[in-house]
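To be precise, the following lines are target.cif, and they hold mmCIF, C-alpha atoms.
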data_work
#
loop_
_atom_site.label_atom_id
_atom_site.label_comp_id
_atom_site.auth_asym_id
_atom_site.auth_seq_id
_atom_site.Cartn_x
_atom_site.Cartn_y
_atom_site.Cartn_z
CA MET A 1 -17.11 29.08 6.31
CA GLY A 2 -14.13 27.58 8.10
CA LYS A 3 -16.22 26.45 11.05
CA GLY A 4 -18.80 24.84 8.75
CA LEU A 5 -16.13 22.87 6.95
CA ALA A 6 -14.52 21.84 10.23
CA ILE A 7 -17.84 20.64 11.68
CA THR A 8 -18.68 18.71 8.50
CA GLY A 9 -15.21 17.19 8.60
CA LEU A 10 -15.67 16.17 12.24
CA ILE A 11 -19.01 14.52 11.52
CA LEU A 12 -17.63 12.59 8.55
CA THR A 13 -14.61 11.40 10.52
CA ILE A 14 -16.85 10.21 13.37
CA PHE A 15 -18.93 8.21 10.90
CA GLY A 16 -15.74 6.92 9.31
CA LEU A 17 -14.55 5.71 12.71
CA LEU A 18 -17.88 4.05 13.49
CA PHE A 19 -18.00 2.33 10.13
CA SER A 20 -14.42 1.14 10.57
CA PHE A 21 -15.60 -0.99 13.52
CA LEU A 22 -18.03 -2.67 11.14
CA SER A 23 -15.33 -3.58 8.61
CA ILE A 24 -16.23 -7.25 8.99
CA LEU A 25 -19.25 -6.54 6.77
CA PRO A 26 -18.62 -6.64 3.02
CA PHE A 27 -17.12 -3.45 1.56
CA VAL A 28 -17.88 -1.39 4.69
CA SER A 29 -14.16 -0.80 5.13
CA ILE A 30 -14.09 1.04 1.80
CA VAL A 31 -16.99 3.25 2.91
CA ALA A 32 -15.24 3.87 6.24
CA LEU A 33 -12.00 4.81 4.48
CA VAL A 34 -13.72 7.20 2.08
CA LEU A 35 -15.64 8.91 4.93
CA ALA A 36 -12.51 9.18 7.08
CA VAL A 37 -10.42 10.63 4.26
CA ALA A 38 -13.11 13.08 3.14
CA GLY A 39 -13.62 14.21 6.75
CA LEU A 40 -9.90 14.59 7.28
CA ILE A 41 -9.49 16.81 4.22
CA LEU A 42 -12.44 18.99 5.26
CA ALA A 43 -11.02 19.27 8.79
CA VAL A 44 -7.68 20.41 7.34
CA VAL A 45 -9.29 22.98 5.03
CA GLY A 46 -11.58 24.21 7.82
CA GLY A 47 -8.64 24.42 10.22
CA LYS A 48 -6.62 26.47 7.73
CA LYS A 49 -9.48 28.95 7.23
CA LEU A 50 -10.07 29.27 10.98
CA ARG A 51 -6.34 29.81 11.58
CA ALA A 52 -6.22 32.45 8.81
CA ASN A 53 -9.05 34.35 10.53
CA ASN A 54 -7.56 33.90 14.03
CA LEU A 55 -10.58 31.92 15.21
CA LYS A 56 -10.70 28.96 17.61
CA LYS A 57 -9.66 25.73 15.91
CA GLY A 58 -10.94 23.20 18.45
CA VAL A 59 -13.50 21.58 16.13
CA ALA A 60 -10.98 21.31 13.30
CA THR A 61 -8.38 19.80 15.63
CA ALA A 62 -10.93 17.27 16.88
CA GLY A 63 -11.78 16.39 13.28
CA LEU A 64 -8.09 15.99 12.53
CA VAL A 65 -7.42 13.67 15.47
CA ILE A 66 -10.52 11.52 14.93
CA GLY A 67 -9.86 11.51 11.19
CA ILE A 68 -6.34 10.17 11.62
CA ILE A 69 -7.59 7.45 13.99
CA ALA A 70 -10.45 6.64 11.61
CA VAL A 71 -8.10 6.35 8.64
CA ILE A 72 -5.82 4.01 10.59
CA PHE A 73 -8.69 1.81 11.82
CA SER A 74 -10.47 1.71 8.49
CA GLY A 75 -7.13 1.03 6.79
CA ILE A 76 -6.60 -1.95 9.08
CA GLY A 77 -10.16 -3.10 8.38
CA PHE A 78 -9.60 -2.63 4.65
CA VAL A 79 -6.45 -4.72 4.72
CA THR A 80 -7.59 -7.49 7.09
CA CYS A 81 -11.28 -7.87 6.33
CA GLY A 82 -10.67 -7.25 2.65
CA ALA A 83 -8.37 -10.24 2.51
CA CYS A 84 -11.02 -12.37 4.22
CA GLN A 85 -13.69 -11.13 1.86
CA ILE A 86 -11.64 -12.13 -1.19
CA CYS A 87 -11.36 -15.62 0.24
CA ILE A 88 -15.00 -15.81 1.27
CA VAL A 89 -16.11 -14.77 -2.22
CA ALA A 90 -13.69 -17.21 -3.84
CA ASN A 91 -14.61 -20.06 -1.48
CA GLY A 92 -18.28 -19.15 -1.74
CA ASN A 93 -18.10 -19.66 -5.48
CA GLU A 94 -16.35 -22.99 -4.93
CA ILE A 95 -19.04 -24.14 -2.49
CA ASP A 96 -21.76 -23.17 -5.02
CA GLU A 97 -20.06 -25.34 -7.63
CA ILE A 98 -19.82 -28.29 -5.28
CA VAL A 99 -23.46 -27.98 -4.20
CA ASP A 100 -24.57 -27.74 -7.85
CA TYR A 101 -22.55 -30.86 -8.67
CA ILE A 102 -24.08 -32.79 -5.74
CA MET A 103 -27.58 -31.69 -6.78
CA ASP A 104 -26.95 -32.88 -10.35
CA GLU A 105 -25.01 -36.09 -9.71
CA GLY A 106 -26.08 -37.05 -6.22
CA ILE A 107 -23.68 -38.68 -3.76
CA ASN A 108 -22.69 -42.15 -4.82
CA GLU A 109 -19.58 -44.24 -5.28
CA ASP A 110 -18.86 -42.63 -8.67
CA SER A 111 -19.36 -39.03 -7.69
CA ILE A 112 -17.67 -39.19 -4.25
CA GLU A 113 -14.18 -39.10 -5.76
CA ASP A 114 -14.97 -36.00 -7.81
CA ILE A 115 -16.51 -34.29 -4.78
CA MET A 116 -13.46 -35.05 -2.62
CA GLU A 117 -11.20 -33.63 -5.35
CA MET A 118 -13.24 -30.45 -5.52
CA LEU A 119 -13.10 -30.06 -1.74
CA VAL A 120 -9.34 -30.28 -1.53
CA ASP A 121 -8.55 -28.56 -4.85
CA PRO A 122 -5.82 -25.97 -4.08
CA GLU A 123 -6.84 -23.97 -7.17
CA SER A 124 -9.55 -22.36 -5.05
CA MET A 125 -6.71 -20.27 -3.55
CA GLU A 126 -5.03 -19.33 -6.84
CA GLY A 127 -5.63 -16.36 -9.16
CA LEU A 128 -6.42 -14.05 -6.27
CA GLY A 129 -3.27 -11.98 -6.79
CA GLY A 130 -2.43 -9.05 -4.55
CA MET A 131 -2.86 -10.19 -1.00
CA GLY A 132 -3.44 -13.75 -2.19
CA GLY A 133 -6.31 -14.28 0.23
CA ASN A 134 -6.22 -15.42 3.79
CA ALA A 135 -4.51 -18.78 3.97
CA ALA A 136 -6.05 -19.50 7.35
CA VAL A 137 -9.59 -19.25 5.96
CA GLY A 138 -8.67 -21.44 2.99
CA ASP A 139 -7.11 -24.04 5.25
CA SER A 140 -10.15 -24.22 7.53
CA PHE A 141 -12.42 -24.65 4.49
CA ILE A 142 -10.36 -27.56 3.25
CA SER A 143 -10.13 -29.10 6.73
CA GLN A 144 -13.91 -29.08 6.98
CA ALA A 145 -14.12 -31.57 4.10
CA PRO A 146 -15.98 -34.60 5.39
CA ALA A 147 -13.59 -37.28 6.54
CA ASP A 148 -16.11 -39.91 7.69
CA SER A 149 -18.35 -41.74 5.29
CA ASN A 150 -20.49 -44.87 5.46
CA VAL A 151 -21.61 -47.08 2.63
CA VAL A 152 -25.32 -47.75 2.96
CA ASP A 153 -27.21 -49.79 0.35
CA GLY A 154 -24.45 -49.23 -2.20
CA GLU A 155 -24.42 -45.48 -1.72
CA VAL A 156 -21.96 -43.51 0.32
CA GLU A 157 -23.37 -41.53 3.20
CA MET A 158 -21.32 -38.49 4.00
CA ASP A 159 -21.26 -36.30 7.08
CA MET A 160 -21.96 -32.90 5.50
CA SER A 161 -21.92 -30.92 8.76
CA GLY A 162 -18.23 -30.12 8.33
CA LEU A 163 -18.84 -28.73 4.86
CA LEU A 164 -21.74 -26.63 5.97
CA GLY A 165 -19.74 -25.42 9.00
CA MET B 1 8.90 -15.45 6.14
CA PRO B 2 5.90 -14.70 8.34
CA SER B 3 3.53 -12.33 6.62
CA VAL B 4 1.01 -11.70 9.38
CA ILE B 5 1.12 -10.88 13.04
CA GLU B 6 -1.65 -11.65 15.49
CA ILE B 7 -2.91 -8.67 17.48
CA LEU B 8 -5.94 -9.07 19.76
CA GLY B 9 -6.95 -12.23 17.95
CA ARG B 10 -6.86 -10.64 14.50
CA GLU B 11 -4.27 -11.43 11.86
CA ILE B 12 -2.81 -8.20 10.55
CA PRO B 13 -0.40 -8.18 7.59
CA ILE B 14 3.08 -7.02 8.59
CA TYR B 15 3.20 -5.24 5.22
CA GLY B 16 0.39 -2.91 6.34
CA ILE B 17 1.93 -2.29 9.77
CA CYS B 18 5.28 -1.41 8.20
CA TYR B 19 3.74 0.96 5.66
CA LEU B 20 1.65 2.67 8.32
CA SER B 21 4.68 2.96 10.61
CA GLY B 22 6.69 4.32 7.69
CA ILE B 23 4.14 7.06 7.04
CA ILE B 24 4.06 7.99 10.76
CA LEU B 25 7.87 7.99 10.93
CA SER B 26 8.13 10.24 7.85
CA PHE B 27 5.60 12.62 9.43
CA LEU B 28 7.61 12.75 12.67
CA VAL B 29 10.90 13.39 10.88
CA ALA B 30 9.34 16.12 8.72
CA MET B 31 7.79 17.83 11.75
CA LEU B 32 11.10 17.65 13.63
CA ILE B 33 13.24 19.21 10.90
CA CYS B 34 10.81 21.64 9.25
CA THR B 35 11.40 24.58 11.60
CA LYS B 36 15.01 24.81 10.37
CA LYS B 37 13.65 26.12 7.07
CA GLY B 38 11.08 28.35 8.76
CA LEU B 39 8.14 26.08 8.00
CA PRO B 40 5.54 25.80 10.82
CA ARG B 41 4.82 22.27 12.07
CA TYR B 42 1.07 22.53 11.41
CA GLU B 43 1.79 23.23 7.71
CA VAL B 44 3.74 19.98 7.49
CA LEU B 45 0.88 18.12 9.20
CA TYR B 46 -1.83 19.61 6.98
CA SER B 47 0.13 19.28 3.75
CA GLY B 48 1.22 15.80 4.80
CA ILE B 49 -2.38 14.69 5.07
CA PHE B 50 -3.04 15.88 1.52
CA ALA B 51 0.14 14.17 0.34
CA VAL B 52 -0.66 10.88 2.09
CA VAL B 53 -4.20 10.79 0.69
CA GLY B 54 -2.85 11.58 -2.79
CA GLY B 55 -0.16 8.98 -2.28
CA LEU B 56 -2.56 6.20 -1.29
CA VAL B 57 -4.86 6.96 -4.23
CA GLY B 58 -1.91 7.16 -6.64
CA ALA B 59 -0.30 3.96 -5.36
CA LYS B 60 -3.56 2.04 -5.70
CA LEU B 61 -4.36 3.51 -9.14
CA LEU B 62 -0.96 2.53 -10.52
CA TYR B 63 -1.35 -0.98 -9.11
CA VAL B 64 -4.74 -1.28 -10.80
CA LEU B 65 -3.21 0.06 -14.04
CA ILE B 66 -0.35 -2.45 -14.14
CA SER B 67 -2.78 -5.25 -13.22
CA LEU B 68 -5.27 -4.23 -15.93
CA LYS B 69 -4.05 -6.88 -18.36
CA ASP B 70 -4.55 -9.61 -15.74
CA ILE B 71 -7.95 -8.24 -14.72
CA ILE B 72 -9.15 -8.27 -18.34
CA SER B 73 -7.81 -11.79 -18.95
CA GLY B 74 -9.52 -12.98 -15.75
CA GLU B 75 -6.29 -14.06 -14.07
CA LEU B 76 -6.89 -11.55 -11.29
CA SER B 77 -10.23 -10.52 -9.89
CA LEU B 78 -10.94 -6.80 -9.60
CA LEU B 79 -11.77 -7.41 -5.94
CA SER B 80 -8.34 -8.84 -5.20
CA VAL B 81 -6.68 -5.91 -6.98
CA ILE B 82 -8.75 -3.35 -5.05
CA TYR B 83 -7.85 -5.00 -1.76
CA GLY B 84 -4.38 -5.96 -3.01
CA GLY B 85 -1.07 -4.15 -3.36
CA PHE B 86 0.23 -0.67 -3.94
CA VAL B 87 3.04 0.69 -6.12
CA PHE B 88 5.48 3.16 -4.54
CA TYR B 89 5.93 5.28 -7.66
CA GLY B 90 2.18 5.69 -7.97
CA GLY B 91 2.20 6.81 -4.37
CA PHE B 92 5.08 9.19 -5.05
CA ILE B 93 3.32 10.82 -7.99
CA GLY B 94 -0.02 10.90 -6.17
CA GLY B 95 1.64 12.32 -3.07
CA ALA B 96 3.39 15.02 -5.09
CA LEU B 97 0.06 15.95 -6.68
CA GLY B 98 -1.60 16.01 -3.27
CA LEU B 99 1.09 18.39 -1.99
CA LEU B 100 0.76 20.54 -5.12
CA ILE B 101 -3.01 20.80 -4.65
CA TYR B 102 -2.49 21.89 -1.01
CA VAL B 103 0.14 24.49 -1.93
CA LYS B 104 -1.95 25.93 -4.77
CA ALA B 105 -5.19 25.94 -2.75
CA PHE B 106 -3.62 27.92 0.10
CA LYS B 107 -1.28 30.03 -2.05
CA LEU B 108 1.92 28.77 -0.48
CA LYS B 109 5.42 28.26 -1.93
CA LEU B 110 6.14 24.70 -3.00
CA THR B 111 9.87 25.17 -2.46
CA ASP B 112 9.26 25.73 1.27
CA PHE B 113 8.11 22.10 1.52
CA THR B 114 10.19 20.19 -1.00
CA ASP B 115 13.42 19.75 0.94
CA VAL B 116 11.56 18.73 4.11
CA TYR B 117 9.66 16.03 2.23
CA ALA B 118 12.74 14.92 0.31
CA VAL B 119 14.51 14.15 3.60
CA ALA B 120 11.53 12.52 5.33
CA ILE B 121 10.33 10.22 2.56
CA PRO B 122 13.28 7.78 2.27
CA LEU B 123 13.16 6.75 5.95
CA GLY B 124 9.46 5.95 5.85
CA HIS B 125 9.95 4.29 2.49
CA ALA B 126 12.69 2.07 3.95
CA LEU B 127 10.28 0.85 6.61
CA GLY B 128 7.70 0.18 3.94
CA ARG B 129 10.20 -1.88 1.99
CA ILE B 130 10.81 -4.03 5.07
CA GLY B 131 7.06 -4.60 5.02
CA CYS B 132 7.36 -5.67 1.39
CA LEU B 133 10.02 -8.16 2.44
CA PHE B 134 7.60 -9.77 4.88
CA GLY B 135 4.63 -9.49 2.55
CA GLY B 136 6.35 -10.90 -0.52
CA CYS B 137 4.14 -8.82 -2.79
CA CYS B 138 7.29 -7.97 -4.69
CA TYR B 139 10.43 -10.05 -4.59
CA GLY B 140 13.92 -10.68 -5.91
CA MET B 141 15.38 -13.24 -8.27
CA PRO B 142 16.18 -16.82 -7.20
CA TYR B 143 19.29 -16.73 -5.04
CA ASP B 144 20.83 -19.28 -2.77
CA GLY B 145 23.23 -17.34 -0.60
CA PRO B 146 23.40 -15.38 2.66
CA PHE B 147 20.19 -13.58 3.71
CA ALA B 148 18.10 -15.39 1.06
CA VAL B 149 14.37 -15.32 1.88
CA THR B 150 11.93 -18.15 1.25
CA TYR B 151 8.17 -17.78 1.12
CA THR B 152 6.30 -20.90 2.15
CA GLU B 153 2.85 -22.17 1.23
CA ASN B 154 1.12 -20.65 4.25
CA THR B 155 2.01 -17.02 3.51
CA LEU B 156 0.02 -14.39 1.67
CA SER B 157 2.84 -13.78 -0.79
CA ASN B 158 2.69 -13.63 -4.57
CA ALA B 159 6.26 -14.87 -4.67
CA PRO B 160 7.25 -18.32 -5.90
CA LYS B 161 6.95 -20.66 -2.94
CA ASN B 162 9.76 -22.62 -1.30
CA ILE B 163 12.44 -21.05 -3.50
CA PRO B 164 15.24 -19.00 -1.89
CA LEU B 165 15.09 -15.47 -3.29
CA LEU B 166 17.31 -12.40 -3.20
CA PRO B 167 16.08 -10.10 -0.40
CA ILE B 168 15.77 -7.22 -2.83
CA GLN B 169 13.41 -5.22 -0.64
CA GLY B 170 15.81 -5.49 2.28
CA ILE B 171 18.64 -4.26 0.05
CA GLU B 172 16.50 -1.34 -1.10
CA ALA B 173 15.60 -0.54 2.52
CA ALA B 174 19.30 -0.42 3.47
CA LEU B 175 20.12 1.86 0.51
CA LEU B 176 17.20 4.13 1.40
CA ILE B 177 18.52 4.53 4.94
CA VAL B 178 21.92 5.50 3.53
CA LEU B 179 20.16 7.99 1.23
CA PHE B 180 18.23 9.40 4.20
CA ILE B 181 21.45 10.02 6.14
CA ILE B 182 23.03 11.76 3.14
CA LEU B 183 19.92 13.91 2.67
CA LEU B 184 19.85 14.84 6.35
CA ILE B 185 23.45 16.06 6.15
CA ILE B 186 22.70 18.05 2.99
CA TYR B 187 19.51 19.52 4.52
CA PHE B 188 21.36 20.92 7.53
CA SER B 189 24.48 22.05 5.67
CA ALA B 190 23.44 23.23 2.20
CA LYS B 191 22.36 26.79 1.58
CA GLY B 192 19.44 27.67 -0.63
CA LYS B 193 16.50 25.49 -1.57
CA ASN B 194 15.96 22.20 -3.41
CA THR B 195 19.45 20.76 -2.89
CA ALA B 196 18.05 17.89 -0.83
CA LEU B 197 15.22 17.42 -3.35
CA ILE B 198 17.59 17.17 -6.30
CA THR B 199 19.79 14.72 -4.41
CA TYR B 200 16.75 12.60 -3.59
CA PHE B 201 15.58 12.53 -7.22
CA PHE B 202 18.99 11.48 -8.51
CA GLY B 203 19.69 9.08 -5.65
CA TYR B 204 16.41 7.20 -5.62
CA SER B 205 16.04 6.99 -9.40
CA ILE B 206 19.49 5.37 -9.68
CA ILE B 207 18.76 2.97 -6.79
CA ARG B 208 15.41 1.90 -8.17
CA PHE B 209 16.51 1.64 -11.79
CA THR B 210 19.42 -0.62 -10.83
CA LEU B 211 17.53 -2.82 -8.37
CA GLU B 212 14.74 -3.45 -10.90
CA TYR B 213 17.15 -5.76 -12.74
CA PHE B 214 17.34 -7.98 -9.65
CA ARG B 215 13.60 -8.26 -9.17
CA TYR B 216 11.75 -11.32 -10.30
CA ASP B 217 8.30 -9.76 -10.60
CA ALA B 218 8.82 -7.84 -13.84
CA ALA B 219 5.56 -9.31 -15.13
CA ARG B 220 3.85 -6.66 -12.99
CA GLY B 221 4.49 -4.05 -15.62
CA LYS B 222 6.90 -3.81 -18.54
CA LEU B 223 7.04 -1.49 -21.53
CA TRP B 224 9.49 -2.39 -24.29
CA ILE B 225 12.94 -2.91 -22.71
CA PHE B 226 12.28 -1.42 -19.28
CA SER B 227 9.83 -2.09 -16.48
CA THR B 228 7.25 0.54 -15.52
CA SER B 229 9.33 1.53 -12.51
CA GLN B 230 12.49 1.90 -14.59
CA TRP B 231 10.69 4.28 -16.95
CA ILE B 232 9.47 6.29 -13.98
CA SER B 233 13.03 6.30 -12.60
CA ILE B 234 14.26 7.74 -15.90
CA GLY B 235 11.53 10.38 -15.65
CA LEU B 236 12.53 11.19 -12.08
CA PHE B 237 16.18 11.55 -13.11
CA LEU B 238 15.21 13.94 -15.91
CA VAL B 239 13.07 15.98 -13.51
CA GLY B 240 16.14 16.16 -11.24
CA ILE B 241 18.16 17.57 -14.14
CA LEU B 242 15.46 20.15 -14.91
CA ILE B 243 15.28 21.30 -11.29
CA THR B 244 19.07 21.56 -11.18
CA ILE B 245 19.10 23.76 -14.31
CA PHE B 246 16.28 25.88 -12.86
CA LYS B 247 18.12 26.23 -9.54
CA ILE B 248 21.41 27.28 -11.22
CA LYS B 249 19.59 29.87 -13.38
CA THR B 250 17.68 31.26 -10.39
CA GLU B 251 20.83 31.61 -8.33
CA LYS B 252 22.68 33.27 -11.21
CA ASN B 253 19.84 35.80 -11.61
CA LYS B 254 19.97 36.59 -7.89
CA GLU B 255 23.68 37.39 -8.20
#

Rewritten as structure tokens:
Amino acid sequence: MGKGLAITGLILTIFGLLFSFLSILPFVSIVALVLAVAGLILAVVGGKKLRANNLKKGVATAGLVIGIIAVIFSGIGFVTCGACQICIVANGNEIDEIVDYIMDEGINEDSIEDIMEMLVDPESMEGLGGMGGNAAVGDSFISQAPADSNVVDGEVEMDMSGLLG
Amino acid sequence: MPSVIEILGREIPIYGICYLSGIILSFLVAMLICTKKGLPRYEVLYSGIFAVVGGLVGAKLLYVLISLKDIISGELSLLSVIYGGFVFYGGFIGGALGLLIYVKAFKLKLTDFTDVYAVAIPLGHALGRIGCLFGGCCYGMPYDGPFAVTYTENTLSNAPKNIPLLPIQGIEAALLIVLFIILLIIYFSAKGKNTALITYFFGYSIIRFTLEYFRYDAARGKLWIFSTSQWISIGLFLVGILITIFKIKTEKNKE
């Protein structure tokens, strides 16, 4: 029983560690953390049972070591990539609003001022609470706002490549 | 105050590094001193894992609980709360439950562990509080004197920007280090069990209750006249009294 638990724990911690390297993907860091923690607990319980029966604890020890590393890595992924994901979601919503506005109003002398305001609106960074989002991501989004524009036939042409990144 | 540090091209919050370092430091201290009370090192490691897991879950749950009002009103997104902060007292309660589960599951004596943990926790906690100082997730009242801290626009902090604030987390860190030293002396000199634990309960509850009045983030959680943490401090103090009464009665019965 102890060995089974220890092996299961080892497998879960290995998966937790692997998933922690993929923390850049949305919510994967949470999956990694859950796997690592579950594996760690099973490795501890398996190790205790093996120790109580005077059996070899190598598998449990391996699960323990990998589990601790997996928790640390997935924790870092949770904290760093999570902050980025808050900002990406928040900024993604902002970009959707701007695109919808452009589709409805078009780009002309009247709408250009509203679009510029939306692009540099600092409220896109507010209301996030907790970590507050990654300021660096927010700054780069704002800095990609088109700076060059040409007036052609009474309408303003804008370089959208910065917006679309 | 810088809130992130760049490691291998990735920005990592100092808050997280400090909390992680604090947990590791507490583990190391516990494993160094545990043999004095006849507790094997592997028991501290195993029970510590249960306590840390319980602590992380508890700290996050309490943060979600105190942010519930803001989540419902839409001021905070659930996503930002999930990825956001932690509350120490939630971690403390969760950690204690984690330890209790371990002790009950393996039919061990809780009192064999309590003094070891009571000594180890404040040092790690102090390091975590230094992380809070850098992170600005919790902060002191406006203050324009020596050691004031100012959070600028380009930090991840919740704190009011560009206003000098009392470095309340730094003050708490310093007091926790003093508490750790006192507990270490008591651990190595006192006879019997739970003396260090009782001292920790009284010491930290008084520190936290008092410092809450100098924090500027009371909106995080308040019930009637006290903040959430002050109520928990009162609870901790009462638990300290109960353990003291239990200890005196047990020792009288032994005589």

Atom pair CA of Val45 (chain A) / CA of Gly75 (chain A): separation (Å)
22.1 Å

Counting only C-alpha atoms, what is within 10 Å of Ala196 (chain B), bar same-chain residues fewer than 3 positions away, as a list in words?
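The residues satisfying every condition are Thr114, Asp115, Val116, Tyr117, Ala118, Val119, Phe180, Ile182, Leu183, Leu184, Ile185, Ile186, Tyr187, Phe188, Ala190, Gly192, Lys193, Thr199, Tyr200 and Phe201 of chain B.
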
Computed interatomic separation between CA of Leu242 (chain B) and CA of Lys104 (chain B) (Å):
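One can read the CA of Leu242 (chain B) to CA of Lys104 (chain B) distance as 21.0 Å.
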
Let me know the residues the PyMOL selection byres ((chain B and resi 227) around 12) catches in the file above, as a compact mmCIF listing (two decimals) with C-alpha atoms, keeping the file's coordinate frame.
# COMPACT_ATOMS: atom_id res chain seq x y z
CA ILE B 66 -0.35 -2.45 -14.14
CA ARG B 208 15.41 1.90 -8.17
CA PHE B 209 16.51 1.64 -11.79
CA THR B 210 19.42 -0.62 -10.83
CA LEU B 211 17.53 -2.82 -8.37
CA GLU B 212 14.74 -3.45 -10.90
CA TYR B 213 17.15 -5.76 -12.74
CA PHE B 214 17.34 -7.98 -9.65
CA ARG B 215 13.60 -8.26 -9.17
CA TYR B 216 11.75 -11.32 -10.30
CA ASP B 217 8.30 -9.76 -10.60
CA ALA B 218 8.82 -7.84 -13.84
CA ALA B 219 5.56 -9.31 -15.13
CA ARG B 220 3.85 -6.66 -12.99
CA GLY B 221 4.49 -4.05 -15.62
CA LYS B 222 6.90 -3.81 -18.54
CA LEU B 223 7.04 -1.49 -21.53
CA TRP B 224 9.49 -2.39 -24.29
CA ILE B 225 12.94 -2.91 -22.71
CA PHE B 226 12.28 -1.42 -19.28
CA THR B 228 7.25 0.54 -15.52
CA SER B 229 9.33 1.53 -12.51
CA GLN B 230 12.49 1.90 -14.59
CA TRP B 231 10.69 4.28 -16.95
CA ILE B 232 9.47 6.29 -13.98
CA SER B 233 13.03 6.30 -12.60
CA ILE B 234 14.26 7.74 -15.90

Neighbours of Phe147 (chain B) within 12 Å (all atoms listed in the file; same-chain residues fewer than 2 positions away dropped), as a PyMOL selection string?
chain B and resi 1+133+140+143-145+149-150+164-171

Separating CA of Ile41 (chain A) from CA of Ala30 (chain B), to the nearest tenth of an Å, is a gap of 19.4 Å

Could you tell me, as a PDB file with C-alpha atoms, in the coordinates of the input, which residues have any atom at most 9 Å from (-17.5, -3.1, 8.5), counting all atoms listed in the file?
ATOM      1  CA  LEU A  18     -17.880   4.050  13.490  1.00  0.00           C
ATOM      2  CA  PHE A  19     -18.000   2.330  10.130  1.00  0.00           C
ATOM      3  CA  SER A  20     -14.420   1.140  10.570  1.00  0.00           C
ATOM      4  CA  PHE A  21     -15.600  -0.990  13.520  1.00  0.00           C
ATOM      5  CA  LEU A  22     -18.030  -2.670  11.140  1.00  0.00           C
ATOM      6  CA  SER A  23     -15.330  -3.580   8.610  1.00  0.00           C
ATOM      7  CA  ILE A  24     -16.230  -7.250   8.990  1.00  0.00           C
ATOM      8  CA  LEU A  25     -19.250  -6.540   6.770  1.00  0.00           C
ATOM      9  CA  PRO A  26     -18.620  -6.640   3.020  1.00  0.00           C
ATOM     10  CA  PHE A  27     -17.120  -3.450   1.560  1.00  0.00           C
ATOM     11  CA  VAL A  28     -17.880  -1.390   4.690  1.00  0.00           C
ATOM     12  CA  SER A  29     -14.160  -0.800   5.130  1.00  0.00           C
ATOM     13  CA  ILE A  30     -14.090   1.040   1.800  1.00  0.00           C
ATOM     14  CA  VAL A  31     -16.990   3.250   2.910  1.00  0.00           C
ATOM     15  CA  ALA A  32     -15.240   3.870   6.240  1.00  0.00           C
ATOM     16  CA  SER A  74     -10.470   1.710   8.490  1.00  0.00           C
ATOM     17  CA  GLY A  77     -10.160  -3.100   8.380  1.00  0.00           C
ATOM     18  CA  PHE A  78      -9.600  -2.630   4.650  1.00  0.00           C
ATOM     19  CA  CYS A  81     -11.280  -7.870   6.330  1.00  0.00           C
TER      20      CYS A  81
END

Selected by the PyMOL selection byres ((chain B and resi 47-62) around 6) in the shown coordinates: which residues, as a PyMOL selection string?
chain B and resi 43-46+63-65+86-88+90-92+94-95+98-99

Write the residues you've just listed into a file as a JSON list (two decimals), keeping the file's coordinate frame, and include C-alpha atoms for each of them.
[["chain", "number", "residue", "atom", "x", "y", "z"],
["B", 43, "GLU", "CA", 1.79, 23.23, 7.71],
["B", 44, "VAL", "CA", 3.74, 19.98, 7.49],
["B", 45, "LEU", "CA", 0.88, 18.12, 9.20],
["B", 46, "TYR", "CA", -1.83, 19.61, 6.98],
["B", 63, "TYR", "CA", -1.35, -0.98, -9.11],
["B", 64, "VAL", "CA", -4.74, -1.28, -10.80],
["B", 65, "LEU", "CA", -3.21, 0.06, -14.04],
["B", 86, "PHE", "CA", 0.23, -0.67, -3.94],
["B", 87, "VAL", "CA", 3.04, 0.69, -6.12],
["B", 88, "PHE", "CA", 5.48, 3.16, -4.54],
["B", 90, "GLY", "CA", 2.18, 5.69, -7.97],
["B", 91, "GLY", "CA", 2.20, 6.81, -4.37],
["B", 92, "PHE", "CA", 5.08, 9.19, -5.05],
["B", 94, "GLY", "CA", -0.02, 10.90, -6.17],
["B", 95, "GLY", "CA", 1.64, 12.32, -3.07],
["B", 98, "GLY", "CA", -1.60, 16.01, -3.27],
["B", 99, "LEU", "CA", 1.09, 18.39, -1.99]]
